[in-house]
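Student: Below is coords.pdb; it holds PDB, C-alpha atoms.
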```
ATOM      1  CA  MET A   1     -13.660  -5.642  -4.044
ATOM      2  CA  ASP A   2     -17.034  -3.949  -3.531
ATOM      3  CA  SER A   3     -20.339  -5.722  -4.020
ATOM      4  CA  GLY A   4     -22.365  -5.117  -7.166
ATOM      5  CA  GLU A   5     -22.643  -6.356 -10.722
ATOM      6  CA  LEU A   6     -20.215  -5.931 -13.588
ATOM      7  CA  THR A   7     -20.084  -7.110 -17.183
ATOM      8  CA  LEU A   8     -16.945  -8.365 -18.916
ATOM      9  CA  ILE A   9     -16.616  -8.740 -22.676
ATOM     10  CA  VAL A  10     -14.671 -11.800 -23.853
ATOM     11  CA  GLU A  11     -11.740 -10.853 -26.078
ATOM     12  CA  ASP A  12      -9.855 -14.161 -26.227
ATOM     13  CA  PRO A  13     -12.258 -17.122 -26.661
ATOM     14  CA  SER A  14      -9.448 -19.609 -25.952
ATOM     15  CA  GLN A  15      -9.068 -18.309 -22.399
ATOM     16  CA  ARG A  16     -10.652 -20.316 -19.570
ATOM     17  CA  LEU A  17     -13.381 -18.589 -17.599
ATOM     18  CA  ASP A  18     -11.493 -18.596 -14.291
ATOM     19  CA  LYS A  19      -8.393 -17.125 -15.950
ATOM     20  CA  LEU A  20     -10.485 -14.439 -17.640
ATOM     21  CA  LEU A  21     -11.900 -13.423 -14.264
ATOM     22  CA  ALA A  22      -8.490 -13.543 -12.571
ATOM     23  CA  ALA A  23      -7.119 -11.128 -15.177
ATOM     24  CA  ARG A  24     -10.040  -8.704 -14.875
ATOM     25  CA  LEU A  25     -10.948  -8.806 -11.162
ATOM     26  CA  GLU A  26      -7.953  -7.105  -9.596
ATOM     27  CA  GLY A  27      -7.200  -8.175  -6.046
ATOM     28  CA  MET A  28      -9.471 -11.226  -6.004
ATOM     29  CA  SER A  29      -7.852 -14.573  -5.205
ATOM     30  CA  ARG A  30      -8.286 -17.616  -7.450
ATOM     31  CA  SER A  31     -10.148 -19.477  -4.699
ATOM     32  CA  ALA A  32     -12.606 -16.574  -4.365
ATOM     33  CA  ILE A  33     -13.138 -16.574  -8.143
ATOM     34  CA  GLN A  34     -13.764 -20.313  -8.148
ATOM     35  CA  SER A  35     -16.293 -19.844  -5.327
ATOM     36  CA  LEU A  36     -18.114 -17.214  -7.410
ATOM     37  CA  ILE A  37     -18.320 -19.607 -10.372
ATOM     38  CA  ALA A  38     -19.400 -22.558  -8.218
ATOM     39  CA  GLY A  39     -22.030 -20.404  -6.519
ATOM     40  CA  GLY A  40     -23.645 -19.395  -9.814
ATOM     41  CA  PHE A  41     -22.583 -15.750  -9.557
ATOM     42  CA  VAL A  42     -20.981 -15.791 -13.033
ATOM     43  CA  THR A  43     -23.537 -15.893 -15.845
ATOM     44  CA  ALA A  44     -24.043 -15.361 -19.570
ATOM     45  CA  GLY A  45     -27.517 -14.707 -20.947
ATOM     46  CA  GLY A  46     -28.884 -15.223 -17.451
ATOM     47  CA  LYS A  47     -27.487 -18.773 -17.143
ATOM     48  CA  PRO A  48     -24.692 -19.756 -14.730
ATOM     49  CA  LEU A  49     -21.390 -20.634 -16.365
ATOM     50  CA  ALA A  50     -19.182 -23.582 -15.453
ATOM     51  CA  LYS A  51     -15.426 -23.149 -15.036
ATOM     52  CA  SER A  52     -14.920 -25.154 -18.236
ATOM     53  CA  ALA A  53     -17.522 -23.199 -20.243
ATOM     54  CA  LYS A  54     -16.519 -22.409 -23.826
ATOM     55  CA  LEU A  55     -16.459 -18.681 -24.426
ATOM     56  CA  ALA A  56     -17.080 -16.764 -27.635
ATOM     57  CA  ALA A  57     -15.378 -13.571 -28.757
ATOM     58  CA  GLY A  58     -17.579 -10.597 -27.898
ATOM     59  CA  GLN A  59     -19.662 -12.621 -25.430
ATOM     60  CA  ALA A  60     -20.873 -10.686 -22.367
ATOM     61  CA  VAL A  61     -20.140 -12.347 -19.023
ATOM     62  CA  THR A  62     -21.911 -10.940 -15.959
ATOM     63  CA  VAL A  63     -20.303 -11.224 -12.520
ATOM     64  CA  THR A  64     -22.417 -10.583  -9.435
ATOM     65  CA  LEU A  65     -20.311  -9.739  -6.401
ATOM     66  CA  PRO A  66     -22.249 -10.548  -3.215
ATOM     67  CA  GLN A  67     -22.159  -8.191  -0.265
ATOM     68  CA  PRO A  68     -19.242  -9.330   1.909
ATOM     69  CA  GLU A  69     -19.943 -10.217   5.496
ATOM     70  CA  GLU A  70     -17.971  -7.766   7.579
ATOM     71  CA  PRO A  71     -16.893  -9.026  10.993
ATOM     72  CA  ASP A  72     -17.393  -6.924  14.090
ATOM     73  CA  VAL A  73     -14.335  -4.760  14.678
ATOM     74  CA  LEU A  74     -13.844  -4.253  18.386
ATOM     75  CA  PRO A  75     -12.080  -1.346  20.106
ATOM     76  CA  GLU A  76      -8.778  -2.287  21.718
ATOM     77  CA  ASP A  77      -6.722  -0.288  24.175
ATOM     78  CA  ILE A  78      -3.534  -0.150  22.111
ATOM     79  CA  PRO A  79      -1.153   2.787  22.655
ATOM     80  CA  LEU A  80      -0.970   5.232  19.750
ATOM     81  CA  SER A  81       1.706   7.776  18.876
ATOM     82  CA  ILE A  82      -0.240  10.870  17.774
ATOM     83  CA  ALA A  83       1.738  13.379  15.700
ATOM     84  CA  TYR A  84      -1.195  15.783  15.236
ATOM     85  CA  GLU A  85      -4.864  15.964  16.209
ATOM     86  CA  ASP A  86      -7.803  18.353  15.995
ATOM     87  CA  GLY A  87     -11.574  18.032  15.691
ATOM     88  CA  ASP A  88     -11.445  16.880  12.056
ATOM     89  CA  LEU A  89      -8.441  14.610  11.729
ATOM     90  CA  LEU A  90      -5.413  13.075  13.329
ATOM     91  CA  VAL A  91      -2.035  11.881  12.117
ATOM     92  CA  VAL A  92      -0.682   8.683  13.650
ATOM     93  CA  ASN A  93       2.965   7.631  13.686
ATOM     94  CA  LYS A  94       2.397   3.918  13.011
ATOM     95  CA  PRO A  95       4.985   1.474  14.354
ATOM     96  CA  LYS A  96       6.544  -1.221  12.220
ATOM     97  CA  GLY A  97       4.614  -4.491  12.458
ATOM     98  CA  MET A  98       1.150  -2.979  12.972
ATOM     99  CA  VAL A  99      -1.509  -3.835  10.380
ATOM    100  CA  VAL A 100      -3.614  -0.796   9.387
ATOM    101  CA  HIS A 101      -7.051  -2.400   9.085
ATOM    102  CA  PRO A 102      -8.592  -5.817   9.808
ATOM    103  CA  ALA A 103      -8.237  -8.474   7.116
ATOM    104  CA  PRO A 104      -8.270 -12.282   7.025
ATOM    105  CA  GLY A 105      -5.801 -13.446   9.657
ATOM    106  CA  ASN A 106      -5.586  -9.979  11.256
ATOM    107  CA  HIS A 107      -8.874  -9.098  12.978
ATOM    108  CA  THR A 108      -7.286  -7.768  16.170
ATOM    109  CA  GLY A 109      -4.294  -5.643  17.078
ATOM    110  CA  THR A 110      -4.732  -3.364  14.057
ATOM    111  CA  LEU A 111      -4.578   0.414  13.860
ATOM    112  CA  VAL A 112      -8.357   0.474  13.327
ATOM    113  CA  ASN A 113      -8.919  -1.460  16.572
ATOM    114  CA  ALA A 114      -6.773   1.118  18.371
ATOM    115  CA  LEU A 115      -8.524   4.068  16.690
ATOM    116  CA  LEU A 116     -11.969   2.780  17.662
ATOM    117  CA  HIS A 117     -10.860   2.783  21.297
ATOM    118  CA  TYR A 118      -9.146   6.173  21.067
ATOM    119  CA  CYS A 119     -11.764   8.036  18.990
ATOM    120  CA  GLY A 120     -14.970   6.208  19.803
ATOM    121  CA  ASP A 121     -17.615   7.102  17.226
ATOM    122  CA  SER A 122     -15.610  10.069  15.910
ATOM    123  CA  LEU A 123     -14.295   8.494  12.706
ATOM    124  CA  SER A 124     -15.294   8.947   9.081
ATOM    125  CA  GLY A 125     -17.571   6.178   7.837
ATOM    126  CA  ILE A 126     -16.687   6.508   4.153
ATOM    127  CA  ASN A 127     -14.578   3.333   4.008
ATOM    128  CA  GLY A 128     -17.032   1.185   5.989
ATOM    129  CA  VAL A 129     -16.713  -0.665   9.271
ATOM    130  CA  LEU A 130     -13.398  -2.332   8.427
ATOM    131  CA  ARG A 131     -11.565   0.904   7.608
ATOM    132  CA  PRO A 132     -13.266   3.751   9.454
ATOM    133  CA  GLY A 133     -11.354   7.003   9.083
ATOM    134  CA  ILE A 134      -8.561   5.482   7.014
ATOM    135  CA  VAL A 135      -7.718   7.920   4.204
ATOM    136  CA  HIS A 136      -4.640   6.102   2.907
ATOM    137  CA  ARG A 137      -2.607   3.151   4.130
ATOM    138  CA  ILE A 138       0.950   2.010   4.602
ATOM    139  CA  ASP A 139       2.137  -1.581   4.731
ATOM    140  CA  LYS A 140       2.333  -3.576   7.957
ATOM    141  CA  ASP A 141       6.131  -3.473   8.105
ATOM    142  CA  THR A 142       6.449   0.144   6.945
ATOM    143  CA  SER A 143       6.572   2.639   9.811
ATOM    144  CA  GLY A 144       5.546   6.278   9.830
ATOM    145  CA  LEU A 145       2.856   8.886   9.359
ATOM    146  CA  LEU A 146      -0.717   8.020   8.431
ATOM    147  CA  LEU A 147      -3.741  10.340   8.005
ATOM    148  CA  VAL A 148      -7.024   9.516   9.739
ATOM    149  CA  ALA A 149     -10.280  11.437   9.166
ATOM    150  CA  LYS A 150     -12.743  11.973  12.005
ATOM    151  CA  ASN A 151     -15.633  12.953   9.743
ATOM    152  CA  ASP A 152     -16.714  12.544   6.123
ATOM    153  CA  MET A 153     -15.991  16.182   5.232
ATOM    154  CA  ALA A 154     -12.362  15.815   6.238
ATOM    155  CA  HIS A 155     -12.125  12.424   4.535
ATOM    156  CA  ARG A 156     -13.400  13.777   1.205
ATOM    157  CA  GLY A 157     -11.108  16.803   1.360
ATOM    158  CA  LEU A 158      -8.015  14.723   2.075
ATOM    159  CA  ALA A 159      -8.932  12.077  -0.524
ATOM    160  CA  GLU A 160      -9.271  14.822  -3.150
ATOM    161  CA  GLN A 161      -5.712  15.945  -2.392
ATOM    162  CA  ILE A 162      -4.460  12.392  -2.854
ATOM    163  CA  GLN A 163      -6.269  12.130  -6.193
ATOM    164  CA  ALA A 164      -4.858  15.502  -7.294
ATOM    165  CA  HIS A 165      -1.322  14.403  -6.246
ATOM    166  CA  SER A 166      -1.076  17.485  -4.020
ATOM    167  CA  LEU A 167      -0.654  15.599  -0.732
ATOM    168  CA  LYS A 168       3.062  15.607   0.133
ATOM    169  CA  ARG A 169       4.378  12.180   1.165
ATOM    170  CA  GLU A 170       8.062  11.550   1.690
ATOM    171  CA  TYR A 171       9.680   8.309   2.780
ATOM    172  CA  ARG A 172      13.144   7.238   3.891
ATOM    173  CA  ALA A 173      14.576   3.912   2.779
ATOM    174  CA  VAL A 174      17.788   1.937   2.690
ATOM    175  CA  VAL A 175      18.099   0.115  -0.627
ATOM    176  CA  TYR A 176      20.618  -2.221  -2.192
ATOM    177  CA  GLY A 177      23.361  -0.936  -4.475
ATOM    178  CA  GLY A 178      24.560   2.464  -5.636
ATOM    179  CA  PHE A 179      23.064   5.174  -7.859
ATOM    180  CA  LYS A 180      24.839   7.038 -10.644
ATOM    181  CA  ASP A 181      22.694  10.149 -10.228
ATOM    182  CA  GLU A 182      21.933  12.151  -7.102
ATOM    183  CA  ALA A 183      18.220  12.240  -7.932
ATOM    184  CA  GLY A 184      15.788  10.767 -10.419
ATOM    185  CA  THR A 185      12.232   9.791 -11.247
ATOM    186  CA  ILE A 186      10.746   6.334 -11.794
ATOM    187  CA  ASP A 187       7.672   6.528 -14.018
ATOM    188  CA  ALA A 188       6.445   2.950 -14.426
ATOM    189  CA  PRO A 189       2.834   1.697 -14.225
ATOM    190  CA  ILE A 190       1.976  -0.821 -11.520
ATOM    191  CA  GLY A 191      -0.643  -3.561 -11.487
ATOM    192  CA  ARG A 192      -1.356  -6.960  -9.980
ATOM    193  CA  ASP A 193       1.386  -9.460 -10.865
ATOM    194  CA  PRO A 194      -0.295 -11.923 -13.270
ATOM    195  CA  ALA A 195       1.937 -14.751 -12.034
ATOM    196  CA  GLU A 196       1.438 -14.095  -8.309
ATOM    197  CA  ARG A 197      -1.765 -12.334  -7.259
ATOM    198  CA  LYS A 198      -0.454 -11.293  -3.840
ATOM    199  CA  ARG A 199       2.345  -9.288  -5.436
ATOM    200  CA  MET A 200       2.366  -6.123  -7.495
ATOM    201  CA  ALA A 201       4.591  -5.552 -10.529
ATOM    202  CA  VAL A 202       5.566  -3.001 -13.149
ATOM    203  CA  LEU A 203       3.367  -3.816 -16.138
ATOM    204  CA  ARG A 204       3.888  -2.113 -19.484
ATOM    205  CA  ASN A 205       0.956  -1.916 -21.935
ATOM    206  CA  SER A 206      -1.404  -3.707 -19.554
ATOM    207  CA  PRO A 207      -5.017  -2.549 -19.069
ATOM    208  CA  GLY A 208      -4.814  -3.532 -15.395
ATOM    209  CA  ALA A 209      -1.831  -1.280 -14.625
ATOM    210  CA  ARG A 210      -2.143   2.242 -13.222
ATOM    211  CA  SER A 211       0.236   5.162 -13.565
ATOM    212  CA  ALA A 212       2.871   5.235 -10.811
ATOM    213  CA  VAL A 213       5.533   7.899 -10.276
ATOM    214  CA  THR A 214       8.230   7.945  -7.579
ATOM    215  CA  HIS A 215      10.917  10.607  -7.174
ATOM    216  CA  TYR A 216      14.127   9.635  -5.341
ATOM    217  CA  PHE A 217      16.991  11.642  -3.823
ATOM    218  CA  VAL A 218      20.270  10.191  -2.572
ATOM    219  CA  GLU A 219      20.855  11.120   1.064
ATOM    220  CA  GLU A 220      23.943   9.005   1.667
ATOM    221  CA  ARG A 221      26.006   6.399  -0.145
ATOM    222  CA  LEU A 222      26.948   3.415   2.006
ATOM    223  CA  ARG A 223      28.916   0.238   1.422
ATOM    224  CA  GLY A 224      26.629  -1.931  -0.699
ATOM    225  CA  PHE A 225      23.571   0.233   0.043
ATOM    226  CA  THR A 226      22.131   3.713  -0.464
ATOM    227  CA  TYR A 227      20.104   5.766   1.978
ATOM    228  CA  LEU A 228      17.295   7.456   0.002
ATOM    229  CA  ARG A 229      14.612  10.062   0.445
ATOM    230  CA  LEU A 230      11.615   9.268  -1.781
ATOM    231  CA  ARG A 231       8.600  11.369  -2.686
ATOM    232  CA  LEU A 232       5.390   9.774  -3.919
ATOM    233  CA  GLU A 233       3.542  11.467  -6.753
ATOM    234  CA  THR A 234       1.018   8.618  -6.857
ATOM    235  CA  GLY A 235       0.136   6.081  -4.175
ATOM    236  CA  ARG A 236      -0.166   2.597  -5.623
ATOM    237  CA  THR A 237      -0.015  -0.561  -3.512
ATOM    238  CA  HIS A 238       3.624  -1.357  -2.609
ATOM    239  CA  GLN A 239       4.711   1.464  -4.972
ATOM    240  CA  ILE A 240       8.137   2.257  -3.526
ATOM    241  CA  ARG A 241       8.975  -1.404  -2.941
ATOM    242  CA  VAL A 242       7.973  -2.369  -6.511
ATOM    243  CA  HIS A 243       9.727   0.602  -8.140
ATOM    244  CA  MET A 244      12.935   0.056  -6.201
ATOM    245  CA  ALA A 245      13.013  -3.650  -7.092
ATOM    246  CA  TYR A 246      12.227  -2.778 -10.726
ATOM    247  CA  THR A 247      15.315  -0.530 -10.890
ATOM    248  CA  GLY A 248      17.513  -3.233  -9.367
ATOM    249  CA  HIS A 249      17.665  -1.572  -5.937
ATOM    250  CA  PRO A 250      15.173  -3.434  -3.704
ATOM    251  CA  VAL A 251      14.499  -2.099  -0.224
ATOM    252  CA  ALA A 252      16.698  -3.743   2.406
ATOM    253  CA  GLY A 253      14.789  -6.373   4.388
ATOM    254  CA  ASP A 254      11.909  -6.626   1.906
ATOM    255  CA  PRO A 255      10.756 -10.282   2.054
ATOM    256  CA  VAL A 256       8.556 -10.009  -1.063
ATOM    257  CA  TYR A 257      10.484  -7.936  -3.610
ATOM    258  CA  GLY A 258      14.020  -8.243  -2.238
ATOM    259  CA  PRO A 259      16.676 -10.936  -2.696
ATOM    260  CA  LYS A 260      16.076 -14.460  -1.409
ATOM    261  CA  LYS A 261      18.628 -13.907   1.346
ATOM    262  CA  VAL A 262      16.539 -11.505   3.423
ATOM    263  CA  ILE A 263      18.080  -9.281   6.116
ATOM    264  CA  THR A 264      16.079 -10.875   8.920
ATOM    265  CA  GLU A 265      17.197  -8.464  11.650
ATOM    266  CA  LEU A 266      15.067  -5.743   9.989
ATOM    267  CA  HIS A 267      11.853  -7.815  10.324
ATOM    268  CA  GLY A 268      10.560  -6.411   7.047
ATOM    269  CA  GLN A 269      11.442  -3.593   4.668
ATOM    270  CA  CYS A 270      13.601  -0.682   5.870
ATOM    271  CA  LEU A 271      11.034   1.926   4.835
ATOM    272  CA  HIS A 272       9.669   4.837   6.873
ATOM    273  CA  ALA A 273       6.956   7.388   6.007
ATOM    274  CA  GLY A 274       8.816  10.338   7.476
ATOM    275  CA  LEU A 275       7.003  13.429   6.165
ATOM    276  CA  LEU A 276       3.392  14.327   5.458
ATOM    277  CA  GLY A 277       2.120  17.654   4.140
ATOM    278  CA  PHE A 278      -1.508  18.550   3.411
ATOM    279  CA  VAL A 279      -3.988  21.414   3.299
ATOM    280  CA  HIS A 280      -6.412  21.230   6.202
ATOM    281  CA  PRO A 281      -9.841  20.491   4.660
ATOM    282  CA  ARG A 282     -11.645  22.926   6.995
ATOM    283  CA  THR A 283      -9.223  25.799   7.599
ATOM    284  CA  GLY A 284      -7.240  25.763   4.339
ATOM    285  CA  GLU A 285      -4.021  25.921   6.370
ATOM    286  CA  TYR A 286      -1.031  23.961   5.068
ATOM    287  CA  ILE A 287       0.245  21.511   7.680
ATOM    288  CA  GLU A 288       3.532  19.645   7.405
ATOM    289  CA  LEU A 289       4.591  16.989   9.883
ATOM    290  CA  SER A 290       7.700  14.867  10.207
ATOM    291  CA  ALA A 291       8.551  11.739  12.173
ATOM    292  CA  GLU A 292      12.054  10.846  13.287
ATOM    293  CA  LEU A 293      13.618   7.623  12.082
ATOM    294  CA  PRO A 294      12.519   4.719  14.293
ATOM    295  CA  GLU A 295      15.032   2.743  16.301
ATOM    296  CA  TYR A 296      15.260  -0.244  13.917
ATOM    297  CA  PHE A 297      16.095   2.087  11.016
ATOM    298  CA  SER A 298      18.684   4.143  12.941
ATOM    299  CA  ARG A 299      20.315   0.965  14.281
ATOM    300  CA  PHE A 300      20.725  -0.451  10.768
ATOM    301  CA  LEU A 301      22.193   2.834   9.488
ATOM    302  CA  HIS A 302      24.635   2.802  12.396
ATOM    303  CA  LYS A 303      25.744  -0.727  11.487
ATOM    304  CA  LEU A 304      26.324   0.351   7.887
ATOM    305  CA  HIS A 305      28.281   3.430   8.997
ATOM    306  CA  SER A 306      30.460   1.407  11.335
ATOM    307  CA  LYS A 307      30.789  -1.393   8.755
ATOM    308  CA  GLU A 308      29.427  -3.905  11.262
ATOM    309  CA  TYR A 309      27.001  -5.308   8.716
ATOM    310  CA  GLU A 310      28.466  -8.065   6.554
ATOM    311  CA  LEU A 311      27.196  -8.263   2.974
TER     312      LEU A 311
END
```
Take the structure in the file and write it out as structure tokens.

Tutor:
Amino acid sequence: MDSGELTLIVEDPSQRLDKLLAARLEGMSRSAIQSLIAGGFVTAGGKPLAKSAKLAAGQAVTVTLPQPEEPDVLPEDIPLSIAYEDGDLLVVNKPKGMVVHPAPGNHTGTLVNALLHYCGDSLSGINGVLRPGIVHRIDKDTSGLLLVAKNDMAHRGLAEQIQAHSLKREYRAVVYGGFKDEAGTIDAPIGRDPAERKRMAVLRNSPGARSAVTHYFVEERLRGFTYLRLRLETGRTHQIRVHMAYTGHPVAGDPVYGPKKVITELHGQCLHAGLLGFVHPRTGEYIELSAELPEYFSRFLHKLHSKEYEL
């Protein structure tokens, strides 16, 4: 969450201060919230509030978010698979297991470390030193195509297409179970899971949820599974994984939203960003790129075809 100051209005006076903040500050851990309170960054009427402070309906609570200390991100000579490149942008075919940008516990070996080595200073600075050039992201254990901007003009133009839902993003996935229809749409808002802050969930009638729409198309019906093509209309965190689990068809291998008995041989969800289409922000030309299924995905499909995989 960015630095700055925000004001929250208390609606439920029976709610504890830390729980109020946890519900309103999306993406912030409970320990981080407790540190804010302990550090005097949460105030009312200019006075710091204790965690046990009694709140009043309509009371204004001010939260000051200090500027985070960003670690140095060092270039690393990590091989990249480049699907497209010109003077304004590049499209990387990210392998499964690679983290996109540095975060606690992952300061090296990320796509950003590799990009800094490959591009030098030629990356958009819009997202700061931790995410230079990163226009959108895909999860660590999702493989496939990812857009990177080399300058701020390209970054703004591509981000506008994402906001307008005009950027074409198609994924391939193997999910549990069968589908009655050949195609369909999941329109279900997604927000931070109130019971587990590291997870996302479909949340109806929640102010913290954002519109999320996924279109799916059955490519092949397999024993116990279905091979799907999915098109994102929106791009929420974990959107496909959450929507598939919500419909009762979690992505095979998903350790977070799938069944407790995880398919360990997949080393994460069987999900691949296989197609990307966008209008070039400088030339106006429409560009569409595709990436073949990676080896782990093809191998699992082969096992399902040959009935080698035991349910």

Student: With distances taken over only C-alpha atoms, which residue among A:Met98, A:Leu276, A:Leu65, A:Ala103 lies nearest Tyr84 of chain A?

Tutor: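 The answer is A:Leu276, which sits nearest to Tyr84 of chain A.
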
Student: On this structure, the PyMOL selection byres ((chain A and resi 150) around 7) would catch which residues? List them as a list in words, sorted by chain and number.

Tutor: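 Output from the PyMOL selection byres ((chain A and resi 150) around 7), applied to this file: Asp88, Leu89, Ser122, Leu123, Ser124, Gly133, Val148, Ala149, Asn151 and Ala154 of chain A.
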
Student: From the set A:His215, A:Tyr257, A:Leu115, A:Leu167, which residue has the shortest atom-to-atom contact distance to Ile287 of chain A, counting only C-alpha atoms?

Tutor: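 Residue with the minimum atom-to-atom distance to Ile287 of chain A: A:Leu167.
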
Student: For Gly97 of chain A, please output as a ChimeraX atom specification all residues within 8 Å (counting only C-alpha atoms; exclusion window: fewer than 5 positions along the same chain).

Tutor: /A:140-143

Student: Quick one: 8 Å padding each side, axis-aligned, all listed atoms of segment 220-235 of chain A - centre and edge lengths in Å to one decimal, as AutoDock Vina command-line options?

Tutor:
```
--center_x 14.5 --center_y 4.8 --center_z -2.4 --size_x 44.8 --size_y 29.4 --size_z 24.9
```

Student: Any chance you could work out the residue set of the PyMOL selection byres ((chain A and resi 45) around 9) here, as a ChimeraX atom specification?

Tutor: /A:43-44,46-48,60-62

Student: For the point (-0.8, 8.6, -10.3) in file coordinates, what residues are within 8 Å, counting only C-alpha atoms? Give the answer as a ChimeraX atom specification?

Tutor: /A:163,165,210-213,233-236

Student: When the PyMOL selection byres ((chain A and resi 294) around 12) is applied to the structure above, which residues does it catch, written out as a list in words?

Tutor: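 After applying the PyMOL selection byres ((chain A and resi 294) around 12), what remains is Asn93, Lys94, Pro95, Lys96, Thr142, Ser143, Gly144, Leu145, Arg172, Ala173, Leu266, Cys270, Leu271, His272, Ala273, Gly274, Ser290, Ala291, Glu292, Leu293, Glu295, Tyr296, Phe297, Ser298, Arg299, Phe300 and Leu301 of chain A.
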
Student: Please, which residues are within 12 Å of (24.4, -4.8, 8.7) by the file's coordinates, counting all atoms listed in the file, and could they come as a PyMOL selection string?

Tutor: chain A and resi 174+176+222-225+252-253+262-266+270+296-311
